$ cat protein.txt   # compact mmCIF, C-alpha atoms and all ligand atoms
# COMPACT_ATOMS: atom_id res chain seq x y z
CA MET J 1 30.10 -91.17 32.71
CA ALA J 2 28.85 -92.03 29.24
CA LEU J 3 28.06 -95.18 27.36
CA GLU J 4 30.62 -95.88 24.65
CA LYS J 5 28.76 -95.67 21.36
CA ALA J 6 29.01 -98.11 18.46
CA THR J 7 30.65 -96.71 15.36
CA GLY J 8 30.70 -97.31 11.59
CA HIS J 9 29.28 -100.56 10.28
CA ASP J 10 28.49 -101.77 13.80
CA LYS J 11 26.35 -98.71 14.47
CA LYS J 12 24.47 -99.32 11.20
CA LEU J 13 23.74 -102.91 12.22
CA GLN J 14 22.55 -101.80 15.65
CA ASP J 15 20.35 -99.02 14.22
CA ARG J 16 18.80 -101.49 11.79
CA LEU J 17 17.99 -103.90 14.64
CA ILE J 18 16.59 -101.16 16.85
CA GLY J 19 14.42 -99.97 13.97
CA SER J 20 13.08 -103.37 12.99
CA GLY J 21 11.31 -104.46 16.18
CA ASP J 22 11.51 -104.64 19.94
CA VAL J 23 14.95 -105.32 21.35
CA PRO J 24 14.59 -107.90 24.15
CA ARG J 25 14.41 -106.22 27.54
CA HIS J 26 16.16 -109.13 29.23
CA ILE J 27 18.61 -111.53 27.58
CA ALA J 28 19.91 -114.56 29.48
CA ILE J 29 22.87 -116.57 28.22
CA ILE J 30 24.15 -120.08 28.90
CA MET J 31 27.80 -119.57 27.94
CA ASP J 32 28.82 -123.05 26.81
CA GLY J 33 31.72 -124.53 24.86
CA ASN J 34 34.80 -122.87 26.38
CA GLY J 35 36.51 -126.24 26.88
CA ARG J 36 35.77 -127.44 23.36
CA TRP J 37 36.91 -124.15 21.87
CA ALA J 38 40.26 -124.63 23.60
CA GLN J 39 40.48 -128.34 22.80
CA LYS J 40 39.99 -127.64 19.09
CA ARG J 41 43.06 -125.42 19.23
CA GLY J 42 45.16 -127.82 21.29
CA LEU J 43 45.00 -125.47 24.29
CA PRO J 44 44.19 -126.17 27.95
CA ARG J 45 40.53 -125.68 28.92
CA ILE J 46 41.32 -122.56 30.91
CA ALA J 47 42.41 -120.84 27.68
CA GLY J 48 38.79 -121.17 26.54
CA HIS J 49 37.55 -119.58 29.75
CA HIS J 50 40.06 -116.74 29.27
CA GLU J 51 38.84 -116.07 25.75
CA GLY J 52 35.28 -116.37 27.08
CA VAL J 53 35.87 -113.27 29.20
CA ASN J 54 36.52 -111.33 25.96
CA SER J 55 33.14 -112.52 24.67
CA VAL J 56 31.46 -111.39 27.90
CA ARG J 57 33.02 -107.93 27.46
CA ASP J 58 31.88 -107.62 23.85
CA ILE J 59 28.34 -108.85 24.55
CA VAL J 60 27.91 -106.60 27.58
CA GLU J 61 28.98 -103.60 25.54
CA ALA J 62 26.77 -104.46 22.56
CA CYS J 63 23.75 -105.13 24.81
CA GLY J 64 24.21 -101.74 26.46
CA GLN J 65 24.40 -100.02 23.08
CA LEU J 66 21.31 -101.83 21.80
CA GLY J 67 19.29 -100.72 24.82
CA VAL J 68 18.89 -104.17 26.40
CA LYS J 69 18.02 -103.49 30.05
CA TYR J 70 19.07 -106.76 31.69
CA LEU J 71 21.68 -109.35 30.76
CA THR J 72 22.07 -112.49 32.87
CA VAL J 73 25.08 -114.71 32.22
CA TYR J 74 25.44 -118.22 33.64
CA ALA J 75 29.06 -117.95 34.71
CA PHE J 76 29.25 -120.79 37.27
CA SER J 77 26.54 -123.30 38.14
CA THR J 78 25.98 -125.15 41.40
CA GLU J 79 27.02 -128.28 39.50
CA ASN J 80 30.28 -126.68 38.29
CA TRP J 81 31.69 -127.18 41.81
CA LYS J 82 31.98 -130.88 40.86
CA ARG J 83 34.58 -130.13 38.16
CA PRO J 84 38.22 -131.06 38.88
CA GLN J 85 39.48 -128.93 41.76
CA GLU J 86 42.17 -127.37 39.59
CA GLU J 87 39.66 -126.08 37.01
CA VAL J 88 37.35 -124.71 39.74
CA SER J 89 40.26 -122.92 41.31
CA LEU J 90 41.47 -121.47 37.98
CA LEU J 91 37.93 -120.34 37.17
CA MET J 92 37.66 -118.52 40.50
CA ARG J 93 41.04 -116.80 39.89
CA LEU J 94 39.88 -115.82 36.42
CA LEU J 95 36.63 -114.45 37.74
CA LEU J 96 38.49 -112.41 40.34
CA LYS J 97 40.86 -111.02 37.72
CA ALA J 98 38.03 -110.24 35.30
CA LEU J 99 36.10 -108.38 38.00
CA ARG J 100 39.19 -106.36 38.94
CA ASP J 101 40.17 -105.61 35.34
CA GLU J 102 36.69 -104.78 34.04
CA LYS J 103 35.19 -102.87 36.95
CA ASP J 104 36.17 -99.38 35.80
CA ARG J 105 35.16 -100.00 32.21
CA LEU J 106 31.78 -101.41 33.27
CA HIS J 107 31.25 -98.38 35.50
CA GLN J 108 32.17 -95.99 32.68
CA ASN J 109 29.62 -97.74 30.49
CA GLU J 110 26.95 -97.12 33.14
CA VAL J 111 26.52 -100.83 33.82
CA LYS J 112 24.86 -101.82 37.08
CA LEU J 113 26.34 -105.06 38.45
CA LYS J 114 24.21 -107.66 40.24
CA VAL J 115 24.75 -111.26 41.25
CA VAL J 116 22.44 -114.22 41.86
CA GLY J 117 23.47 -117.48 43.47
CA ASP J 118 24.94 -118.99 46.61
CA ILE J 119 27.49 -116.22 47.00
CA ALA J 120 28.67 -117.44 50.40
CA ALA J 121 30.10 -120.53 48.66
CA LEU J 122 32.53 -118.40 46.61
CA PRO J 123 36.08 -117.65 47.82
CA GLN J 124 36.17 -114.63 50.15
CA ASP J 125 38.21 -112.47 47.77
CA VAL J 126 35.70 -113.07 44.96
CA GLN J 127 32.82 -112.18 47.31
CA ASP J 128 34.61 -108.98 48.36
CA GLU J 129 35.29 -107.97 44.77
CA LEU J 130 31.67 -108.62 43.80
CA LEU J 131 30.31 -106.57 46.69
CA ASP J 132 32.71 -103.77 45.88
CA GLY J 133 31.62 -103.75 42.22
CA ILE J 134 27.93 -103.87 43.12
CA GLU J 135 28.35 -100.94 45.51
CA LYS J 136 30.41 -98.90 43.05
CA MET J 137 27.86 -99.35 40.24
CA LYS J 138 24.66 -99.21 42.25
CA ASP J 139 23.47 -95.85 40.91
CA ASN J 140 24.26 -96.55 37.25
CA LYS J 141 21.33 -96.31 34.87
CA GLY J 142 22.52 -98.42 31.94
CA LEU J 143 22.45 -102.18 31.41
CA THR J 144 21.97 -104.33 34.51
CA LEU J 145 24.52 -107.15 34.27
CA ILE J 146 23.51 -110.11 36.42
CA LEU J 147 26.20 -112.72 37.08
CA ALA J 148 24.74 -116.12 37.96
CA LEU J 149 27.42 -117.59 40.19
CA SER J 150 27.12 -120.81 42.15
CA TYR J 151 23.56 -120.62 40.83
CA SER J 152 21.05 -123.19 39.70
CA GLY J 153 17.31 -122.99 39.15
CA ARG J 154 16.62 -125.84 41.56
CA TRP J 155 18.82 -124.20 44.21
CA ASP J 156 16.81 -121.00 43.78
CA ILE J 157 13.41 -122.70 44.03
CA THR J 158 14.48 -124.87 47.00
CA ASN J 159 15.67 -121.77 48.82
CA ALA J 160 12.40 -119.99 48.12
CA ILE J 161 10.33 -122.92 49.44
CA GLN J 162 12.42 -123.17 52.60
CA ARG J 163 11.89 -119.47 53.32
CA MET J 164 8.15 -119.75 52.63
CA TYR J 165 7.94 -122.73 54.96
CA ASP J 166 9.52 -120.72 57.79
CA GLU J 167 7.07 -117.90 57.24
CA ILE J 168 4.09 -120.24 57.13
CA ARG J 169 5.21 -121.78 60.43
CA SER J 170 5.64 -118.40 62.06
CA GLY J 171 2.18 -117.39 60.83
CA SER J 172 3.32 -114.51 58.64
CA LEU J 173 2.39 -116.32 55.41
CA LYS J 174 -0.87 -118.13 54.62
CA LYS J 175 -1.33 -120.92 52.11
CA GLU J 176 -3.89 -118.80 50.22
CA GLN J 177 -1.26 -116.12 49.66
CA ILE J 178 0.95 -118.48 47.66
CA THR J 179 0.53 -117.36 44.07
CA GLN J 180 2.87 -117.45 41.10
CA GLU J 181 3.74 -113.81 41.76
CA LEU J 182 4.55 -114.58 45.37
CA ILE J 183 6.84 -117.48 44.41
CA THR J 184 8.57 -115.19 41.91
CA SER J 185 9.15 -112.67 44.67
CA TYR J 186 11.03 -115.26 46.75
CA LEU J 187 13.52 -116.07 43.99
CA ALA J 188 17.03 -114.62 43.76
CA THR J 189 15.92 -112.95 40.51
CA LYS J 190 12.96 -111.15 42.13
CA ASP J 191 14.18 -107.69 41.10
CA PHE J 192 14.44 -108.52 37.40
CA PRO J 193 11.81 -109.26 34.75
CA ASP J 194 11.77 -112.74 33.21
CA PRO J 195 14.16 -113.16 30.27
CA ASP J 196 12.60 -112.46 26.87
CA LEU J 197 15.37 -114.29 25.07
CA LEU J 198 17.52 -117.19 26.28
CA ILE J 199 20.64 -117.88 24.24
CA ARG J 200 22.70 -121.04 24.57
CA THR J 201 25.98 -121.42 22.72
CA SER J 202 27.81 -124.51 21.41
CA GLY J 203 24.77 -126.11 19.78
CA GLU J 204 23.44 -127.91 22.85
CA PHE J 205 19.66 -128.04 23.38
CA ARG J 206 19.60 -128.04 27.18
CA ILE J 207 18.59 -125.67 29.97
CA SER J 208 21.16 -127.12 32.41
CA ASN J 209 19.31 -126.07 35.54
CA PHE J 210 19.51 -122.36 34.69
CA LEU J 211 16.52 -120.04 35.24
CA ILE J 212 13.98 -122.86 35.14
CA TRP J 213 11.06 -120.91 36.65
CA GLN J 214 11.84 -117.64 34.92
CA ILE J 215 12.13 -118.90 31.33
CA ALA J 216 8.57 -120.26 31.13
CA TYR J 217 7.82 -117.93 28.20
CA SER J 218 11.30 -117.00 27.01
CA GLU J 219 12.22 -117.42 23.37
CA LEU J 220 15.13 -119.84 22.95
CA PHE J 221 18.01 -119.35 20.55
CA ILE J 222 20.68 -122.01 20.14
CA SER J 223 23.91 -120.80 18.57
CA GLN J 224 26.36 -123.25 17.03
CA GLU J 225 29.30 -121.07 18.11
CA PHE J 226 31.35 -121.98 21.14
CA TRP J 227 31.13 -119.18 23.71
CA PRO J 228 34.63 -117.76 23.05
CA SER J 229 33.61 -117.24 19.39
CA PHE J 230 30.22 -115.77 20.25
CA ARG J 231 30.55 -112.03 19.72
CA ARG J 232 28.24 -109.13 18.85
CA LYS J 233 27.70 -110.39 15.28
CA GLN J 234 26.17 -113.58 16.66
CA LEU J 235 24.20 -111.57 19.24
CA TYR J 236 22.67 -109.48 16.44
CA GLU J 237 21.62 -112.70 14.67
CA ALA J 238 19.93 -113.90 17.86
CA VAL J 239 18.12 -110.59 18.39
CA SER J 240 17.04 -110.44 14.75
CA ASN J 241 15.72 -113.98 15.02
CA PHE J 242 13.86 -113.00 18.22
CA GLN J 243 12.24 -110.09 16.41
CA ARG J 244 10.71 -112.47 13.89
CA ARG J 245 8.99 -114.57 16.54
CA GLU J 246 5.39 -114.13 17.62
CA ARG J 247 5.17 -114.35 21.40
CA ARG J 248 1.65 -115.50 22.23
CA PHE J 249 2.01 -116.44 25.91
CA GLY J 250 -0.46 -119.28 25.44
CA MET J 251 -2.99 -117.17 23.51
CA VAL J 252 -3.81 -116.82 19.82
CA SER J 253 -2.56 -114.03 17.54
CA GLU J 254 -5.89 -112.16 17.40
CA GLN J 255 -5.98 -111.78 21.17
CA LEU J 256 -2.67 -109.97 21.33
CA ASN J 257 -3.98 -106.76 19.75
CA LYS J 258 -7.21 -106.92 21.74
CA ASN J 259 -5.43 -107.24 25.07
CA GLU J 260 -3.22 -104.31 24.34
CA SER J 261 -6.08 -101.97 23.50
CA SER J 262 -7.99 -103.06 26.61
CA GLY J 263 -4.89 -102.18 28.62
CA LEU J 264 -5.25 -105.46 30.48
CA ASP J 265 -2.08 -107.17 30.37
CA PRO J 266 1.50 -108.19 30.29
CA LEU J 267 1.61 -107.91 26.52
CA ARG J 268 1.69 -104.14 26.18
CA GLY J 269 3.69 -103.22 23.16
CA MET J 270 2.99 -106.52 21.47
CA GLU J 271 0.93 -104.92 18.72
CA ARG J 272 3.78 -102.54 17.93
CA PHE J 273 6.17 -105.48 17.98
CA LEU J 274 4.08 -107.50 15.55
CA LYS J 275 3.54 -104.56 13.19
CA SER J 276 7.16 -103.57 12.99
CA ALA J 277 8.34 -107.15 12.74
CA SER J 278 6.09 -107.76 9.74
CA LYS J 279 7.55 -104.67 8.03
CA SER J 280 11.13 -105.89 8.32
C1 LIG T 301 31.10 -123.34 29.99
O1 LIG T 301 32.04 -123.92 29.11
C2 LIG T 301 31.64 -122.18 30.68
C3 LIG T 301 31.80 -122.06 32.04
C4 LIG T 301 31.42 -123.11 32.98
C5 LIG T 301 32.41 -120.88 32.66
C6 LIG T 301 32.08 -119.56 32.03
C7 LIG T 301 33.04 -118.55 32.53
C8 LIG T 301 33.56 -117.53 31.81
C9 LIG T 301 33.19 -117.22 30.43
C10 LIG T 301 34.60 -116.66 32.41
C11 LIG T 301 34.21 -115.76 33.54
C12 LIG T 301 32.93 -115.04 33.40
C13 LIG T 301 32.70 -113.75 33.68
C14 LIG T 301 31.30 -113.31 33.87
C15 LIG T 301 33.74 -112.70 33.77
P1 LIG T 301 32.52 -125.41 29.37
O2 LIG T 301 33.73 -125.38 30.23
O3 LIG T 301 31.39 -126.21 29.94
O4 LIG T 301 32.86 -125.89 27.92
P2 LIG T 301 32.71 -127.38 27.33
O5 LIG T 301 31.25 -127.71 27.37
O6 LIG T 301 33.22 -127.25 25.95
O7 LIG T 301 33.54 -128.28 28.18

$ encode --input "protein.txt" --output "structure tokens" --more "lines below"
Ligand code: FPP
Amino acid sequence: MALEKATGHDKKLQDRLIGSGDVPRHIAIIMDGNGRWAQKRGLPRIAGHHEGVNSVRDIVEACGQLGVKYLTVYAFSTENWKRPQEEVSLLMRLLLKALRDEKDRLHQNEVKLKVVGDIAALPQDVQDELLDGIEKMKDNKGLTLILALSYSGRWDITNAIQRMYDEIRSGSLKKEQITQELITSYLATKDFPDPDLLIRTSGEFRISNFLIWQIAYSELFISQEFWPSFRRKQLYEAVSNFQRRERRFGMVSEQLNKNESSGLDPLRGMERFLKSASKS
């Protein structure tokens, strides 16, 4: 199995990005605007969701080629269950079809599939397809694609607290052990690093109950494109914009270099990032 490589002009753009700074390790995306994309064209909302699948395919492929390690897409929120029954049902059918159609291609591209959310709430056939895909791709070494399905940040945190409560009651967890790292380890996203870059499409400045704990220090990028029009070109703009940011994690610029040389901290590589970003 081999990752399909970019070619021609696309390869040049990717090489330029890779050479001009750190590519985010983890990108998270709030895919918004499918309905409006369709409405603008006089189409039913589901047509926007259909075209949105093509954007997911393109972005997954481009992220893999760029060397992004984790991509989390907000495909269905806890709140989305409140949409009209017909749209929910069509979205579930679409998800099932997309999983069936894309599984082999994802596998060939060395993608590892993961899911976060209240999976038991999804239709049984969707659950089965997800589990099958996760199993099939479990040994792949390329991009980890995380589908957030029936997910919300508050759902995740509530779940974590309930499980901690049980363990405190049974005596296996002590109050003093509750640290930020411990809370992180109880979340559905425990196996993945926090997102470096959070992209939201359709020009809205909202988090919409996505990874509310995990994005504490993520860089935000708001794209004006509706999700079905958000393709690799727009992704490259977002990554390029990310590369021009200085991530200080609450500190001041001078400390970033110092921390790296002392080997202390989460900011390893930051000096390299700053140097190469200033060259570009
Ligand atoms: C938001 O647009 C989009 C969704 C709620 C669903 C996203 C689903 C897909 C792109 C398809 C399936 C995904 C995968 C991973 C294969 P909206 O409906 O809120 O748009 P609007 O704000 O314009 O109404």

$ atom_distance --input "protein.txt" --atom1 "atom CA of Tyr151 of chain J" --atom2 "atom CA of Ser208 of chain J"
10.9 Å

$ closest_residue --input "protein.txt" --among "J:Asp128, J:Asp166, J:Asp139, J:Asp101" --to "Leu113 of chain J" --atoms "all atoms listed in the file"
J:Asp139

$ atom_distance --input "protein.txt" --atom1 "atom CA of Asp58 of chain J" --atom2 "atom CA of Arg232 of chain J"
6.4 Å

$ closest_residue --input "protein.txt" --among "J:Ala75, J:Leu187, J:Ile161, J:Val88" --to "ligand LIG 301 (chain T)" --atoms "all atoms listed in the file"
J:Ala75

$ residues_near_ligand --input "protein.txt" --ligand "ligand LIG 301 (chain T)" --cutoff "7 Å" --atoms "only C-alpha atoms and all ligand atoms" --output "mmCIF file with C-alpha atoms, in the coordinates of the input"
data_model
loop_
_atom_site.group_PDB
_atom_site.id
_atom_site.type_symbol
_atom_site.label_atom_id
_atom_site.label_comp_id
_atom_site.auth_asym_id
_atom_site.auth_seq_id
_atom_site.Cartn_x
_atom_site.Cartn_y
_atom_site.Cartn_z
ATOM 1 C CA MET J 31 27.800 -119.570 27.940
ATOM 2 C CA ASP J 32 28.820 -123.050 26.810
ATOM 3 C CA GLY J 33 31.720 -124.530 24.860
ATOM 4 C CA ASN J 34 34.800 -122.870 26.380
ATOM 5 C CA GLY J 35 36.510 -126.240 26.880
ATOM 6 C CA ARG J 36 35.770 -127.440 23.360
ATOM 7 C CA TRP J 37 36.910 -124.150 21.870
ATOM 8 C CA ARG J 45 40.530 -125.680 28.920
ATOM 9 C CA HIS J 49 37.550 -119.580 29.750
ATOM 10 C CA HIS J 50 40.060 -116.740 29.270
ATOM 11 C CA GLY J 52 35.280 -116.370 27.080
ATOM 12 C CA VAL J 53 35.870 -113.270 29.200
ATOM 13 C CA VAL J 56 31.460 -111.390 27.900
ATOM 14 C CA VAL J 73 25.080 -114.710 32.220
ATOM 15 C CA TYR J 74 25.440 -118.220 33.640
ATOM 16 C CA ALA J 75 29.060 -117.950 34.710
ATOM 17 C CA PHE J 76 29.250 -120.790 37.270
ATOM 18 C CA ASN J 80 30.280 -126.680 38.290
ATOM 19 C CA LEU J 91 37.930 -120.340 37.170
ATOM 20 C CA LEU J 94 39.880 -115.820 36.420
ATOM 21 C CA LEU J 95 36.630 -114.450 37.740
ATOM 22 C CA ALA J 98 38.030 -110.240 35.300
ATOM 23 C CA LEU J 99 36.100 -108.380 38.000
ATOM 24 C CA LEU J 147 26.200 -112.720 37.080
#

$ residues_around --input "protein.txt" --residues "Glu219 of chain J" --least-positions-apart "4" --cutoff "12 Å" --atoms "all atoms listed in the file" --output "compact mmCIF listing (two decimals) with C-alpha atoms, in the coordinates of the input"
# COMPACT_ATOMS: atom_id res chain seq x y z
CA PRO J 24 14.59 -107.90 24.15
CA HIS J 26 16.16 -109.13 29.23
CA ILE J 27 18.61 -111.53 27.58
CA ALA J 28 19.91 -114.56 29.48
CA ILE J 29 22.87 -116.57 28.22
CA ASP J 194 11.77 -112.74 33.21
CA PRO J 195 14.16 -113.16 30.27
CA ASP J 196 12.60 -112.46 26.87
CA LEU J 197 15.37 -114.29 25.07
CA LEU J 198 17.52 -117.19 26.28
CA ILE J 199 20.64 -117.88 24.24
CA ARG J 200 22.70 -121.04 24.57
CA GLN J 214 11.84 -117.64 34.92
CA ILE J 215 12.13 -118.90 31.33
CA ALA J 238 19.93 -113.90 17.86
CA VAL J 239 18.12 -110.59 18.39
CA ASN J 241 15.72 -113.98 15.02
CA PHE J 242 13.86 -113.00 18.22
CA GLN J 243 12.24 -110.09 16.41
CA ARG J 244 10.71 -112.47 13.89
CA ARG J 245 8.99 -114.57 16.54
CA GLU J 246 5.39 -114.13 17.62
CA ARG J 247 5.17 -114.35 21.40
CA ARG J 248 1.65 -115.50 22.23
CA PHE J 249 2.01 -116.44 25.91

$ axis_aligned_box --input "protein.txt" --around "segment 225-230 of chain J" --padding-each-side "6 Å" --output "AutoDock Vina command-line options"
--center_x 32.0 --center_y -118.9 --center_z 20.9 --size_x 17.3 --size_y 18.2 --size_z 17.6

$ residues_around --input "protein.txt" --residues "Gly142 of chain J" --least-positions-apart "6" --cutoff "10 Å" --atoms "all atoms listed in the file" --output "PDB file with C-alpha atoms, in the frame of the given file"
ATOM      1  CA  ALA J   2      28.850 -92.030  29.240  1.00  0.00           C
ATOM      2  CA  LEU J   3      28.060 -95.180  27.360  1.00  0.00           C
ATOM      3  CA  CYS J  63      23.750-105.130  24.810  1.00  0.00           C
ATOM      4  CA  GLY J  64      24.210-101.740  26.460  1.00  0.00           C
ATOM      5  CA  GLN J  65      24.400-100.020  23.080  1.00  0.00           C
ATOM      6  CA  GLY J  67      19.290-100.720  24.820  1.00  0.00           C
ATOM      7  CA  VAL J  68      18.890-104.170  26.400  1.00  0.00           C
ATOM      8  CA  LYS J  69      18.020-103.490  30.050  1.00  0.00           C
ATOM      9  CA  TYR J  70      19.070-106.760  31.690  1.00  0.00           C
ATOM     10  CA  LEU J 106      31.780-101.410  33.270  1.00  0.00           C
ATOM     11  CA  HIS J 107      31.250 -98.380  35.500  1.00  0.00           C
ATOM     12  CA  GLN J 108      32.170 -95.990  32.680  1.00  0.00           C
ATOM     13  CA  ASN J 109      29.620 -97.740  30.490  1.00  0.00           C
ATOM     14  CA  GLU J 110      26.950 -97.120  33.140  1.00  0.00           C
ATOM     15  CA  VAL J 111      26.520-100.830  33.820  1.00  0.00           C
ATOM     16  CA  LYS J 112      24.860-101.820  37.080  1.00  0.00           C
TER      17      LYS J 112
END

$ closest_residue --input "protein.txt" --among "J:Ile119, J:Leu211, J:Ala188, J:Met92" --to "Arg163 of chain J" --atoms "only C-alpha atoms"
J:Ala188

$ atom_distance --input "protein.txt" --atom1 "atom CA of Ile134 of chain J" --atom2 "atom CA of Lys114 of chain J"
6.0 Å

$ residues_around --input "protein.txt" --residues "Leu66 of chain J" --least-positions-apart "3" --cutoff "12 Å" --atoms "all atoms listed in the file" --output "CSV table (one decimal) with C-alpha atoms, in the coordinates of the input"
chain,number,residue,atom,x,y,z
J,3,LEU,CA,28.1,-95.2,27.4
J,4,GLU,CA,30.6,-95.9,24.6
J,5,LYS,CA,28.8,-95.7,21.4
J,6,ALA,CA,29.0,-98.1,18.5
J,10,ASP,CA,28.5,-101.8,13.8
J,11,LYS,CA,26.4,-98.7,14.5
J,12,LYS,CA,24.5,-99.3,11.2
J,13,LEU,CA,23.7,-102.9,12.2
J,14,GLN,CA,22.6,-101.8,15.6
J,15,ASP,CA,20.4,-99.0,14.2
J,16,ARG,CA,18.8,-101.5,11.8
J,17,LEU,CA,18.0,-103.9,14.6
J,18,ILE,CA,16.6,-101.2,16.8
J,19,GLY,CA,14.4,-100.0,14.0
J,21,GLY,CA,11.3,-104.5,16.2
J,22,ASP,CA,11.5,-104.6,19.9
J,23,VAL,CA,15.0,-105.3,21.4
J,24,PRO,CA,14.6,-107.9,24.2
J,25,ARG,CA,14.4,-106.2,27.5
J,26,HIS,CA,16.2,-109.1,29.2
J,27,ILE,CA,18.6,-111.5,27.6
J,59,ILE,CA,28.3,-108.8,24.6
J,60,VAL,CA,27.9,-106.6,27.6
J,61,GLU,CA,29.0,-103.6,25.5
J,62,ALA,CA,26.8,-104.5,22.6
J,63,CYS,CA,23.8,-105.1,24.8
J,69,LYS,CA,18.0,-103.5,30.0
J,70,TYR,CA,19.1,-106.8,31.7
J,71,LEU,CA,21.7,-109.4,30.8
J,142,GLY,CA,22.5,-98.4,31.9
J,143,LEU,CA,22.4,-102.2,31.4
J,232,ARG,CA,28.2,-109.1,18.8
J,235,LEU,CA,24.2,-111.6,19.2
J,236,TYR,CA,22.7,-109.5,16.4
J,239,VAL,CA,18.1,-110.6,18.4
J,240,SER,CA,17.0,-110.4,14.8

$ closest_residue --input "protein.txt" --among "J:Glu176, J:Asp156, J:Glu129, J:Glu204" --to "Thr189 of chain J" --atoms "all atoms listed in the file"
J:Asp156

$ closest_residue --input "protein.txt" --among "J:Thr7, J:Gly133, J:Thr72, J:Thr78" --to "Ile30 of chain J" --atoms "all atoms listed in the file"
J:Thr72

$ residues_around --input "protein.txt" --residues "Trp213 of chain J" --least-positions-apart "4" --cutoff "12 Å" --atoms "all atoms listed in the file" --output "number ranges by chain"
J: 152-158, 160, 180-181, 183-190, 193-195, 207, 209, 217-218

$ write_last_selection --input "protein.txt" --atoms "C-alpha atoms" --output "PDB file, keeping the file's coordinate frame"
ATOM      1  CA  SER J 152      21.050-123.190  39.700  1.00  0.00           C
ATOM      2  CA  GLY J 153      17.310-122.990  39.150  1.00  0.00           C
ATOM      3  CA  ARG J 154      16.620-125.840  41.560  1.00  0.00           C
ATOM      4  CA  TRP J 155      18.820-124.200  44.210  1.00  0.00           C
ATOM      5  CA  ASP J 156      16.810-121.000  43.780  1.00  0.00           C
ATOM      6  CA  ILE J 157      13.410-122.700  44.030  1.00  0.00           C
ATOM      7  CA  THR J 158      14.480-124.870  47.000  1.00  0.00           C
ATOM      8  CA  ALA J 160      12.400-119.990  48.120  1.00  0.00           C
ATOM      9  CA  GLN J 180       2.870-117.450  41.100  1.00  0.00           C
ATOM     10  CA  GLU J 181       3.740-113.810  41.760  1.00  0.00           C
ATOM     11  CA  ILE J 183       6.840-117.480  44.410  1.00  0.00           C
ATOM     12  CA  THR J 184       8.570-115.190  41.910  1.00  0.00           C
ATOM     13  CA  SER J 185       9.150-112.670  44.670  1.00  0.00           C
ATOM     14  CA  TYR J 186      11.030-115.260  46.750  1.00  0.00           C
ATOM     15  CA  LEU J 187      13.520-116.070  43.990  1.00  0.00           C
ATOM     16  CA  ALA J 188      17.030-114.620  43.760  1.00  0.00           C
ATOM     17  CA  THR J 189      15.920-112.950  40.510  1.00  0.00           C
ATOM     18  CA  LYS J 190      12.960-111.150  42.130  1.00  0.00           C
ATOM     19  CA  PRO J 193      11.810-109.260  34.750  1.00  0.00           C
ATOM     20  CA  ASP J 194      11.770-112.740  33.210  1.00  0.00           C
ATOM     21  CA  PRO J 195      14.160-113.160  30.270  1.00  0.00           C
ATOM     22  CA  ILE J 207      18.590-125.670  29.970  1.00  0.00           C
ATOM     23  CA  ASN J 209      19.310-126.070  35.540  1.00  0.00           C
ATOM     24  CA  TYR J 217       7.820-117.930  28.200  1.00  0.00           C
ATOM     25  CA  SER J 218      11.300-117.000  27.010  1.00  0.00           C
TER      26      SER J 218
END
